[in-house]
file upload-v2.txt (compact mmCIF, C-alpha atoms)
# COMPACT_ATOMS: atom_id res chain seq x y z
CA MET D 691 1.71 5.23 6.33
CA ASP D 692 -1.22 2.83 6.77
CA PHE D 693 -0.94 -0.89 6.21
CA SER D 694 -3.34 -0.72 3.20
CA GLU D 695 -1.91 2.45 1.66
CA PHE D 696 -0.47 0.75 -1.43
CA GLN D 697 -3.69 -1.16 -2.18
CA TRP D 698 -5.64 2.09 -1.99
CA LYS D 699 -3.27 3.84 -4.40
CA THR D 700 -3.28 0.87 -6.78
CA LEU D 701 -7.07 0.74 -6.99
CA ASN D 702 -7.27 4.48 -7.66
CA PHE D 703 -4.52 4.15 -10.28
CA LEU D 704 -6.52 1.48 -12.13
CA ALA D 705 -9.48 3.86 -12.30
CA TYR D 706 -7.60 5.88 -14.94
CA PHE D 707 -7.54 2.85 -17.29
CA ALA D 708 -11.26 2.50 -17.91
CA THR D 709 -11.83 -0.12 -15.22
CA THR D 710 -14.40 1.81 -13.18
CA THR D 711 -16.23 5.10 -12.78
CA ASN D 712 -15.33 5.33 -9.09
CA GLN D 713 -12.30 5.91 -6.92
CA ILE D 714 -11.87 5.64 -3.16
CA GLU D 715 -11.12 8.70 -1.05
CA LYS D 716 -9.39 8.42 2.30
CA LEU D 717 -10.78 10.71 4.99
CA LYS D 718 -8.79 12.16 7.87
CA SER D 719 -10.74 9.89 10.22
CA GLY D 720 -9.21 6.87 8.50
CA LYS D 721 -12.38 5.85 6.69
CA TYR D 722 -12.54 5.10 2.98
CA VAL D 723 -15.46 6.40 0.90
CA PRO D 724 -16.13 6.13 -2.86
CA LYS D 725 -16.06 9.17 -5.12
CA PRO D 726 -16.47 9.72 -8.90
CA ILE D 727 -13.40 9.55 -11.11
CA PRO D 728 -12.07 12.73 -12.78
CA GLU D 729 -13.81 13.90 -15.95
CA ILE D 730 -10.88 13.02 -18.24
CA ALA D 731 -10.84 9.44 -16.93
CA LEU D 732 -14.61 9.24 -17.40
CA TRP D 733 -14.33 10.24 -21.05
CA PHE D 734 -11.61 7.62 -21.62
CA TYR D 735 -13.92 5.09 -19.95
CA ARG D 736 -16.72 5.99 -22.42
CA ILE D 737 -14.38 5.79 -25.41
CA CYS D 738 -13.26 2.32 -24.35
CA ILE D 739 -16.88 1.18 -24.00
CA VAL D 740 -17.71 2.34 -27.54
CA ASN D 741 -14.51 0.77 -28.90
CA ALA D 742 -15.25 -2.57 -27.18
CA MET D 743 -18.85 -2.55 -28.47
CA ALA D 744 -17.65 -1.92 -32.03
CA LYS D 745 -15.15 -4.78 -31.74
CA THR D 746 -17.78 -7.15 -30.35
CA LEU D 747 -20.26 -6.32 -33.11
CA PHE D 748 -17.72 -6.89 -35.85
CA ILE D 749 -16.48 -10.20 -34.44
CA ALA D 750 -20.07 -11.41 -34.01
CA LEU D 751 -20.80 -10.60 -37.67
CA LEU D 752 -17.56 -12.23 -38.74
CA VAL D 753 -18.13 -15.61 -37.04
CA THR D 754 -21.71 -15.75 -38.36
CA ASP D 755 -20.31 -15.49 -41.94
CA TYR D 756 -21.90 -12.09 -42.53
CA TYR D 757 -18.81 -11.10 -44.53
CA GLY D 758 -18.65 -14.48 -46.22
CA PRO D 759 -17.17 -17.88 -45.30
CA ILE D 760 -14.01 -17.81 -43.18
CA LEU D 761 -11.49 -20.45 -42.19
CA PHE D 762 -11.79 -22.42 -38.96
CA GLU D 763 -8.57 -20.80 -37.74
CA ASP D 764 -10.25 -17.43 -38.24
CA LYS D 765 -13.11 -18.48 -35.99
CA ILE D 766 -10.72 -19.71 -33.29
CA VAL D 767 -8.91 -16.36 -33.27
CA ALA D 768 -12.27 -14.56 -33.25
CA LEU D 769 -13.22 -16.66 -30.22
CA ASP D 770 -10.08 -15.39 -28.50
CA TYR D 771 -11.22 -11.80 -29.00
CA LEU D 772 -14.73 -12.61 -27.80
CA LEU D 773 -13.20 -14.06 -24.64
CA ILE D 774 -11.31 -10.80 -24.14
CA ILE D 775 -14.63 -8.95 -24.39
CA GLY D 776 -16.01 -11.41 -21.81
CA VAL D 777 -13.23 -10.44 -19.38
CA VAL D 778 -13.98 -6.76 -19.94
CA THR D 779 -17.71 -7.28 -19.31
CA ILE D 780 -17.21 -9.26 -16.09
CA THR D 781 -14.74 -6.76 -14.62
CA TRP D 782 -16.92 -3.81 -15.57
CA SER D 783 -19.86 -5.49 -13.82
CA MET D 784 -17.66 -6.09 -10.77
CA TYR D 785 -16.63 -2.44 -10.41
CA PHE D 786 -19.74 -0.76 -11.83
CA ASN D 787 -21.73 -0.12 -8.62
CA ARG D 788 -20.30 1.60 -5.56
CA TYR D 789 -22.36 -0.65 -3.29
CA PRO D 790 -21.44 -3.11 -1.94
CA LEU D 791 -17.93 -3.62 -3.36
CA TYR D 792 -16.38 -0.28 -2.42
CA GLU D 793 -17.90 -0.30 1.06
CA ILE D 794 -16.55 -3.81 1.66
CA ILE D 795 -13.07 -2.93 0.38
CA GLY D 796 -12.99 0.21 2.53
CA SER D 797 -14.12 -1.71 5.62
CA THR D 798 -11.46 -4.37 4.98
CA TRP D 799 -8.72 -1.75 4.79
CA GLU D 800 -9.94 -0.09 7.99
CA VAL D 801 -9.88 -3.42 9.87
CA LEU D 802 -6.40 -4.29 8.51
CA ASN D 803 -5.03 -0.86 9.45
CA LYS D 804 -6.42 -1.14 12.99
CA ALA D 805 -5.14 -4.71 13.35
CA PHE D 806 -1.68 -3.66 12.17
CA LEU D 807 -1.54 -0.92 14.81
CA GLY D 808 -3.17 -3.02 17.54
CA LEU D 809 -0.75 -5.91 17.04
CA LYS D 810 2.14 -3.42 17.19
CA CYS D 811 3.69 -4.98 14.11
CA GLU D 812 7.11 -3.87 13.00
CA ASP D 813 7.18 -1.65 9.96
CA LYS D 814 9.07 -4.33 8.03
CA VAL D 815 5.84 -6.37 7.97
CA ARG D 816 4.09 -3.64 5.99
CA GLN D 817 7.17 -3.16 3.83
CA LYS D 818 7.22 -6.88 3.00
CA VAL D 819 3.56 -6.82 1.98
CA ASP D 820 4.07 -3.63 -0.04
CA PHE D 821 7.10 -5.14 -1.78
CA THR D 822 5.13 -8.24 -2.80
CA GLN D 823 2.24 -6.15 -4.12
CA LYS D 824 4.60 -3.78 -5.93
CA MET D 825 6.26 -6.74 -7.67
CA ILE D 826 2.82 -7.93 -8.79
CA VAL D 827 1.95 -4.50 -10.21
CA LEU D 828 5.38 -4.26 -11.86
CA ALA D 829 4.89 -7.70 -13.45
CA ASP D 830 1.49 -6.56 -14.75
CA LEU D 831 3.04 -3.44 -16.29
CA CYS D 832 5.71 -5.59 -17.94
CA ILE D 833 2.98 -7.82 -19.37
CA PHE D 834 1.22 -4.78 -20.81
CA GLY D 835 4.50 -3.62 -22.32
CA ILE D 836 5.42 -6.99 -23.82
CA GLY D 837 1.87 -7.47 -25.04
CA GLY D 838 1.82 -4.05 -26.64
CA ILE D 839 5.10 -4.74 -28.46
CA SER D 840 3.89 -8.17 -29.60
CA ILE D 841 0.57 -6.97 -30.97
CA SER D 842 2.33 -4.03 -32.66
CA MET D 843 4.86 -6.26 -34.43
CA GLN D 844 2.24 -8.80 -35.43
CA TYR D 845 -0.21 -6.14 -36.59
CA PHE D 846 2.19 -4.56 -39.06
CA SER D 847 3.68 -7.93 -40.03
CA TYR D 848 0.52 -9.95 -40.67
CA PRO D 849 -2.64 -7.96 -39.85
CA LYS D 850 -5.09 -10.65 -41.00
CA TYR D 851 -4.63 -12.77 -37.87
CA CYS D 852 -4.31 -9.84 -35.56
CA ALA D 853 -6.77 -7.23 -36.74
CA PHE D 854 -9.91 -8.65 -38.29
CA THR D 855 -11.43 -5.20 -38.49
CA TYR D 856 -8.68 -4.12 -40.85
CA SER D 857 -8.58 -7.34 -42.90
CA ILE D 858 -12.01 -6.79 -44.55
CA ILE D 859 -11.01 -3.43 -46.01
CA GLU D 860 -9.24 -3.71 -49.35
CA THR D 861 -7.61 -0.29 -49.14
CA ASP D 862 -4.08 -0.50 -47.75
CA ASN D 863 -2.35 2.64 -46.53
CA MET D 864 -0.44 3.63 -43.42
CA PRO D 865 -2.96 6.16 -41.99
CA LEU D 866 -5.70 3.52 -42.16
CA ARG D 867 -3.47 0.98 -40.50
CA LEU D 868 -2.64 3.42 -37.71
CA VAL D 869 -6.34 4.09 -37.06
CA PHE D 870 -7.20 0.41 -36.84
CA PHE D 871 -4.04 -0.32 -34.89
CA ALA D 872 -5.22 2.14 -32.22
CA HIS D 873 -8.58 0.33 -32.24
CA GLU D 874 -6.97 -3.11 -31.87
CA PHE D 875 -4.39 -1.99 -29.32
CA MET D 876 -7.03 -0.34 -27.15
CA SER D 877 -9.40 -3.32 -27.20
CA THR D 878 -6.67 -5.91 -26.53
CA ASP D 879 -4.83 -4.00 -23.81
CA LEU D 880 -8.16 -3.21 -22.20
CA GLY D 881 -8.77 -6.95 -21.89
CA TRP D 882 -5.46 -7.47 -20.06
CA ILE D 883 -6.02 -4.48 -17.80
CA MET D 884 -9.52 -5.70 -16.98
CA TYR D 885 -8.31 -9.21 -16.17
CA PHE D 886 -5.68 -7.96 -13.74
CA ALA D 887 -8.10 -5.42 -12.25
CA GLY D 888 -10.68 -8.17 -11.78
CA ILE D 889 -8.37 -10.53 -9.91
CA SER D 890 -6.40 -7.81 -8.09
CA ILE D 891 -8.99 -7.41 -5.32
CA ALA D 892 -8.82 -11.04 -4.20
CA LEU D 893 -5.08 -11.27 -4.89
CA HIS D 894 -4.01 -8.19 -2.91
CA GLU D 895 -6.43 -8.83 -0.04
CA CYS D 896 -5.17 -12.41 0.28
CA ILE D 897 -1.61 -11.16 0.64
CA SER D 898 -2.57 -8.55 3.25
CA ILE D 899 -4.93 -10.73 5.31
CA SER D 900 -2.49 -13.67 5.27
CA SER D 901 0.23 -11.38 6.63
CA ILE D 902 -2.04 -10.10 9.42
CA LEU D 903 -3.04 -13.67 10.31
CA ASP D 904 0.64 -14.64 10.57
CA GLN D 905 1.23 -11.69 12.90
CA MET D 906 -1.75 -12.71 15.02
CA THR D 907 -0.29 -16.23 15.29
CA GLU D 908 3.06 -14.83 16.36
CA ARG D 909 1.34 -12.65 18.94
CA LEU D 910 -0.52 -15.69 20.27
CA ASN D 911 2.62 -17.81 20.45
CA SER D 912 4.42 -15.06 22.37
CA LEU D 913 1.89 -15.22 25.23
CA THR D 914 2.88 -17.09 28.37
CA ASP D 915 1.07 -18.20 31.49
CA ASN D 916 2.43 -15.12 33.24
CA SER D 917 1.39 -12.66 30.54
CA LYS D 918 -0.48 -9.67 31.86
CA ASP D 919 -3.99 -9.11 30.51
CA ARG D 920 -3.91 -12.50 28.85
CA GLN D 921 -7.68 -12.66 28.70
CA ASN D 922 -7.80 -9.29 26.98
CA GLU D 923 -5.27 -10.54 24.44
CA PHE D 924 -7.46 -13.59 23.79
CA ASP D 925 -10.51 -11.44 23.31
CA TYR D 926 -8.66 -9.03 21.03
CA LEU D 927 -7.28 -11.77 18.78
CA ILE D 928 -10.61 -13.56 18.55
CA HIS D 929 -12.35 -10.27 17.76
CA ASN D 930 -9.88 -9.58 14.95
CA PHE D 931 -10.35 -13.07 13.55
CA LYS D 932 -14.14 -12.73 13.59
CA MET D 933 -13.95 -9.37 11.84
CA LEU D 934 -11.72 -10.86 9.14
CA THR D 935 -14.14 -13.77 8.80
CA ILE D 936 -17.08 -11.40 8.25
CA LEU D 937 -15.17 -9.34 5.68
CA CYS D 938 -13.94 -12.42 3.81
CA ASN D 939 -17.49 -13.74 3.62
CA GLN D 940 -18.69 -10.42 2.26
CA ILE D 941 -15.92 -10.33 -0.36
CA ASN D 942 -16.68 -13.92 -1.36
CA GLU D 943 -20.38 -13.18 -1.75
CA THR D 944 -19.58 -10.17 -3.95
CA ILE D 945 -16.78 -11.33 -6.27
CA ALA D 946 -16.05 -15.06 -5.78
CA PHE D 947 -18.11 -16.29 -8.73
CA LYS D 948 -16.99 -13.41 -10.94
CA THR D 949 -13.40 -14.32 -10.11
CA LEU D 950 -14.22 -17.91 -11.11
CA LEU D 951 -15.60 -16.72 -14.45
CA LEU D 952 -12.43 -14.69 -15.07
CA HIS D 953 -10.32 -17.80 -14.46
CA ILE D 954 -12.53 -19.92 -16.71
CA ILE D 955 -12.16 -17.36 -19.51
CA ALA D 956 -8.39 -17.19 -18.91
CA GLY D 957 -8.24 -20.98 -19.30
CA CYS D 958 -10.30 -20.83 -22.50
CA GLN D 959 -8.04 -18.09 -23.84
CA PHE D 960 -5.00 -20.24 -23.18
CA VAL D 961 -6.62 -23.07 -25.15
CA SER D 962 -7.60 -20.83 -28.10
CA ASP D 963 -4.24 -19.02 -28.12
CA VAL D 964 -2.25 -22.25 -28.20
CA TYR D 965 -4.51 -23.74 -30.87
CA ALA D 966 -4.32 -20.59 -33.01
CA ALA D 967 -0.54 -20.31 -32.69
CA THR D 968 0.21 -23.99 -33.43
CA HIS D 969 -2.11 -24.11 -36.47
CA ILE D 970 -1.48 -20.70 -38.03
CA ILE D 971 2.28 -21.27 -37.92
CA LYS D 972 1.72 -24.32 -40.15
CA LEU D 973 0.03 -22.26 -42.88
CA PRO D 974 2.09 -21.53 -46.02
CA GLY D 975 4.21 -18.41 -45.64
CA ALA D 976 3.52 -17.96 -41.92
CA THR D 977 6.40 -17.08 -39.59
CA PHE D 978 6.89 -16.69 -35.84
CA THR D 979 6.10 -12.97 -35.98
CA ASP D 980 2.65 -13.88 -37.29
CA VAL D 981 1.76 -15.82 -34.13
CA GLN D 982 3.91 -14.23 -31.45
CA PHE D 983 0.96 -12.33 -30.01
CA PHE D 984 -1.00 -15.55 -29.43
CA ILE D 985 2.00 -17.24 -27.82
CA GLU D 986 2.63 -14.22 -25.59
CA ASP D 987 -1.05 -13.88 -24.71
CA GLY D 988 -1.37 -17.57 -23.80
CA ILE D 989 1.83 -17.82 -21.74
CA LEU D 990 1.39 -14.57 -19.83
CA GLY D 991 -2.30 -15.27 -19.23
CA ALA D 992 -1.35 -18.64 -17.78
CA PHE D 993 1.35 -16.98 -15.67
CA ALA D 994 -1.16 -14.49 -14.24
CA MET D 995 -3.63 -17.25 -13.40
CA LEU D 996 -1.01 -19.46 -11.74
CA ARG D 997 0.30 -16.50 -9.74
CA THR D 998 -3.20 -15.83 -8.44
CA TYR D 999 -3.58 -19.44 -7.31
CA LEU D 1000 -0.18 -19.29 -5.62
CA PHE D 1001 -1.04 -16.32 -3.39
CA MET D 1002 -4.69 -17.20 -2.79
CA SER D 1003 -3.72 -20.69 -1.60
CA ARG D 1004 -1.72 -19.17 1.30
CA MET D 1005 -4.65 -17.69 3.17
CA ALA D 1006 -6.42 -20.84 4.38
CA PRO D 1007 -3.19 -22.34 5.82
CA ALA D 1008 -2.46 -19.01 7.58
CA SER D 1009 -5.86 -19.02 9.30
CA ALA D 1010 -5.50 -22.75 10.09
CA ARG D 1011 -2.16 -22.07 11.82
CA PHE D 1012 -3.80 -19.38 13.92
CA LEU D 1013 -6.61 -21.70 15.04
CA LYS D 1014 -4.15 -24.52 15.70
CA GLY D 1015 -2.04 -22.18 17.84
CA PHE D 1016 -5.11 -21.26 19.87
CA LYS D 1017 -5.98 -24.90 20.49
CA THR D 1018 -2.41 -25.71 21.49
CA PHE D 1019 -2.29 -22.78 23.90
CA THR D 1020 -5.48 -23.83 25.69
CA MET D 1021 -3.90 -27.23 26.38
CA ARG D 1022 -0.94 -25.75 28.24
CA ILE D 1023 -2.30 -22.71 30.04
CA ASN D 1024 -2.77 -22.80 33.78
CA GLU D 1025 -6.47 -21.99 34.04
CA SER D 1026 -9.48 -23.51 35.74
CA PRO D 1027 -11.21 -26.31 33.79
CA GLN D 1028 -14.28 -24.12 33.40
CA GLN D 1029 -12.23 -21.30 31.86
CA VAL D 1030 -10.46 -23.72 29.50
CA ARG D 1031 -13.79 -25.19 28.35
CA ARG D 1032 -15.11 -21.70 27.68
CA LEU D 1033 -12.10 -20.84 25.55
CA ARG D 1034 -12.36 -24.10 23.62
CA ARG D 1035 -16.03 -23.47 22.90
CA ARG D 1036 -15.12 -20.08 21.47
CA ILE D 1037 -12.41 -21.63 19.33
CA ARG D 1038 -14.81 -24.27 17.96
CA SER D 1039 -17.05 -21.48 16.71
CA LEU D 1040 -14.22 -20.19 14.52
CA LYS D 1041 -13.64 -21.64 11.05
CA VAL D 1042 -10.78 -21.52 8.57
CA ILE D 1043 -11.19 -18.46 6.36
CA SER D 1044 -10.06 -17.73 2.82
CA LEU D 1045 -11.05 -15.82 -0.27
CA LYS D 1046 -12.65 -18.27 -2.68
CA VAL D 1047 -12.74 -18.83 -6.41
CA GLY D 1048 -16.39 -19.63 -6.94
CA PRO D 1049 -17.69 -21.83 -4.11
CA CYS D 1050 -14.31 -23.37 -3.27
CA HIS D 1051 -11.18 -22.56 -1.32
CA VAL D 1052 -7.97 -22.55 -3.36
CA PRO D 1053 -5.95 -25.61 -2.23
CA THR D 1054 -2.19 -25.42 -1.96
CA GLU D 1055 -1.72 -27.90 -4.82
CA ALA D 1056 -3.98 -25.94 -7.22
CA MET D 1057 -1.12 -24.15 -8.97
CA LEU D 1058 0.82 -27.34 -9.72
CA SER D 1059 -2.32 -29.14 -10.88
CA VAL D 1060 -3.29 -26.35 -13.29
CA LEU D 1061 0.31 -26.06 -14.54
CA ASP D 1062 0.41 -29.79 -15.28
CA LYS D 1063 -2.83 -29.65 -17.30
CA MET D 1064 -1.72 -26.57 -19.24
CA THR D 1065 1.64 -28.13 -20.12
CA THR D 1066 -0.03 -31.34 -21.26
CA TYR D 1067 -2.42 -29.43 -23.52
CA PHE D 1068 0.38 -27.24 -24.92
CA VAL D 1069 2.39 -30.31 -25.97
CA ALA D 1070 -0.70 -32.08 -27.35
CA ALA D 1071 -1.76 -29.03 -29.42
CA ALA D 1072 1.77 -28.55 -30.77
CA LEU D 1073 1.97 -32.17 -31.93
CA TRP D 1074 -1.57 -32.30 -33.33
call {"tool": "encode", "arguments": {"input": "upload-v2.txt", "output": "structure tokens"}}
result
Amino acid sequence: MDFSEFQWKTLNFLAYFATTTNQIEKLKSGKYVPKPIPEIALWFYRICIVNAMAKTLFIALLVTDYYGPILFEDKIVALDYLLIIGVVTITWSMYFNRYPLYEIIGSTWEVLNKAFLGLKCEDKVRQKVDFTQKMIVLADLCIFGIGGISISMQYFSYPKYCAFTYSIIETDNMPLRLVFFAHEFMSTDLGWIMYFAGISIALHECISISSILDQMTERLNSLTDNSKDRQNEFDYLIHNFKMLTILCNQINETIAFKTLLLHIIAGCQFVSDVYAATHIIKLPGATFTDVQFFIEDGILGAFAMLRTYLFMSRMAPASARFLKGFKTFTMRINESPQQVRRLRRRIRSLKVISLKVGPCHVPTEAMLSVLDKMTTYFVAAALW
């Protein structure tokens, strides 16, 4: 089993949930090439596009008072749905073309697989990475499940603040509710799926690359002055690091700013969800079941964003440890001054690498900083 096997299966699994029109096929040679998704998945993709367009059109007409004046709370909730459509649009644009995203992802997996074999890593290294990624996917599935239950309960309890499409129709019967519930459920769950699909590339690659960098550091630290083929080891490790640097730069150029937009929208959704929940609950006759979807959407969206910051912030320190280990080793090896200077020049040409959110690295304190600001706003909105 290859080091990147689980990532490959996860990406192909997401293709069945209207995230993309492409999958990645693994050839016997070890290369990864894009291929079209099955016909049934393509039809589901088209249905979701039409459903999302219908939802967007209705919300746009609603907030422009086409159906008459609406409350400010209505507009805030409508904003939340428009933000969901924004997530869907960004992720669709990220996955829409085969080139260059799929070529870059395939190249990254090939380099990681070769590095895993070349470093002669123990299988428990791959198992640890797979376990972390499986827990992330499992958490995402739990979020979909909890979200589906929440929107279902809120829809049939108080459809006005959950299903605007249904609220303008005076007729009230169960078949009609079921039709519009399918419409609402599909559009809302699609937003969650798209958000996780959009951040999954950077998230999973950060976990994998950080693990390989840690193994490269261990390999470097295990070298001694008497190690055979020490120069070949140096060259091999530097070559791996340069390849990872090139691939990280390519990934950053392709998705870094789209990842930033996804996080900005997630932050705006948290704000609108908290505002909607804390103000609708104060309306006469409103109960917790009427706002539970907004509370769940805000909290779990914040959890997903903080989790992304947590794992993405590990990559830069991992590469920094590798470079620091190289510098330390050149200070204690028994080589000629000329050879040492040559190695140090090569090291100076290497820079700390990481997958970015927009133009910036994710610092280690990012998660705590964002958590502090979210908590402060949550308390302020609740007391307002």
call {"tool": "closest_residue", "arguments": {"input": "upload-v2.txt", "among": "D:Ser1039, D:Ser901, D:Gln844, D:Thr907", "to": "Ala1010 of chain D", "atoms": "all atoms listed in the file"}}
result
D:Thr907
call {"tool": "closest_residue", "arguments": {"input": "upload-v2.txt", "among": "D:Gln905, D:Ser1009, D:Thr779, D:Ser1059", "to": "Lys932 of chain D", "atoms": "all atoms listed in the file"}}
result
D:Ser1009
call {"tool": "closest_residue", "arguments": {"input": "upload-v2.txt", "among": "D:Ala992, D:Thr822, D:Phe1068, D:Ala1008", "to": "Glu908 of chain D", "atoms": "all atoms listed in the file"}}
result
D:Ala1008
call {"tool": "residues_around", "arguments": {"input": "upload-v2.txt", "residues": "Phe1016 of chain D", "least_positions_apart": "3", "cutoff": "8 Å", "atoms": "only C-alpha atoms", "output": "number ranges by chain"}}
result
D: 910, 1012-1013, 1019-1020, 1037
call {"tool": "closest_residue", "arguments": {"input": "upload-v2.txt", "among": "D:Val1030, D:Cys811, D:Val1042, D:Leu951", "to": "Ile936 of chain D", "atoms": "all atoms listed in the file"}}
result
D:Val1042
call {"tool": "closest_residue", "arguments": {"input": "upload-v2.txt", "among": "D:Val1052, D:Leu1045, D:Leu913, D:Leu990", "to": "Gln959 of chain D", "atoms": "all atoms listed in the file"}}
result
D:Leu990
call {"tool": "residues_around", "arguments": {"input": "upload-v2.txt", "residues": "Ser900 of chain D", "least_positions_apart": "3", "cutoff": "8 Å", "atoms": "only C-alpha atoms", "output": "JSON, numbers by chain"}}
result
{"D": [896, 897, 903, 904, 1004, 1005, 1008, 1009]}
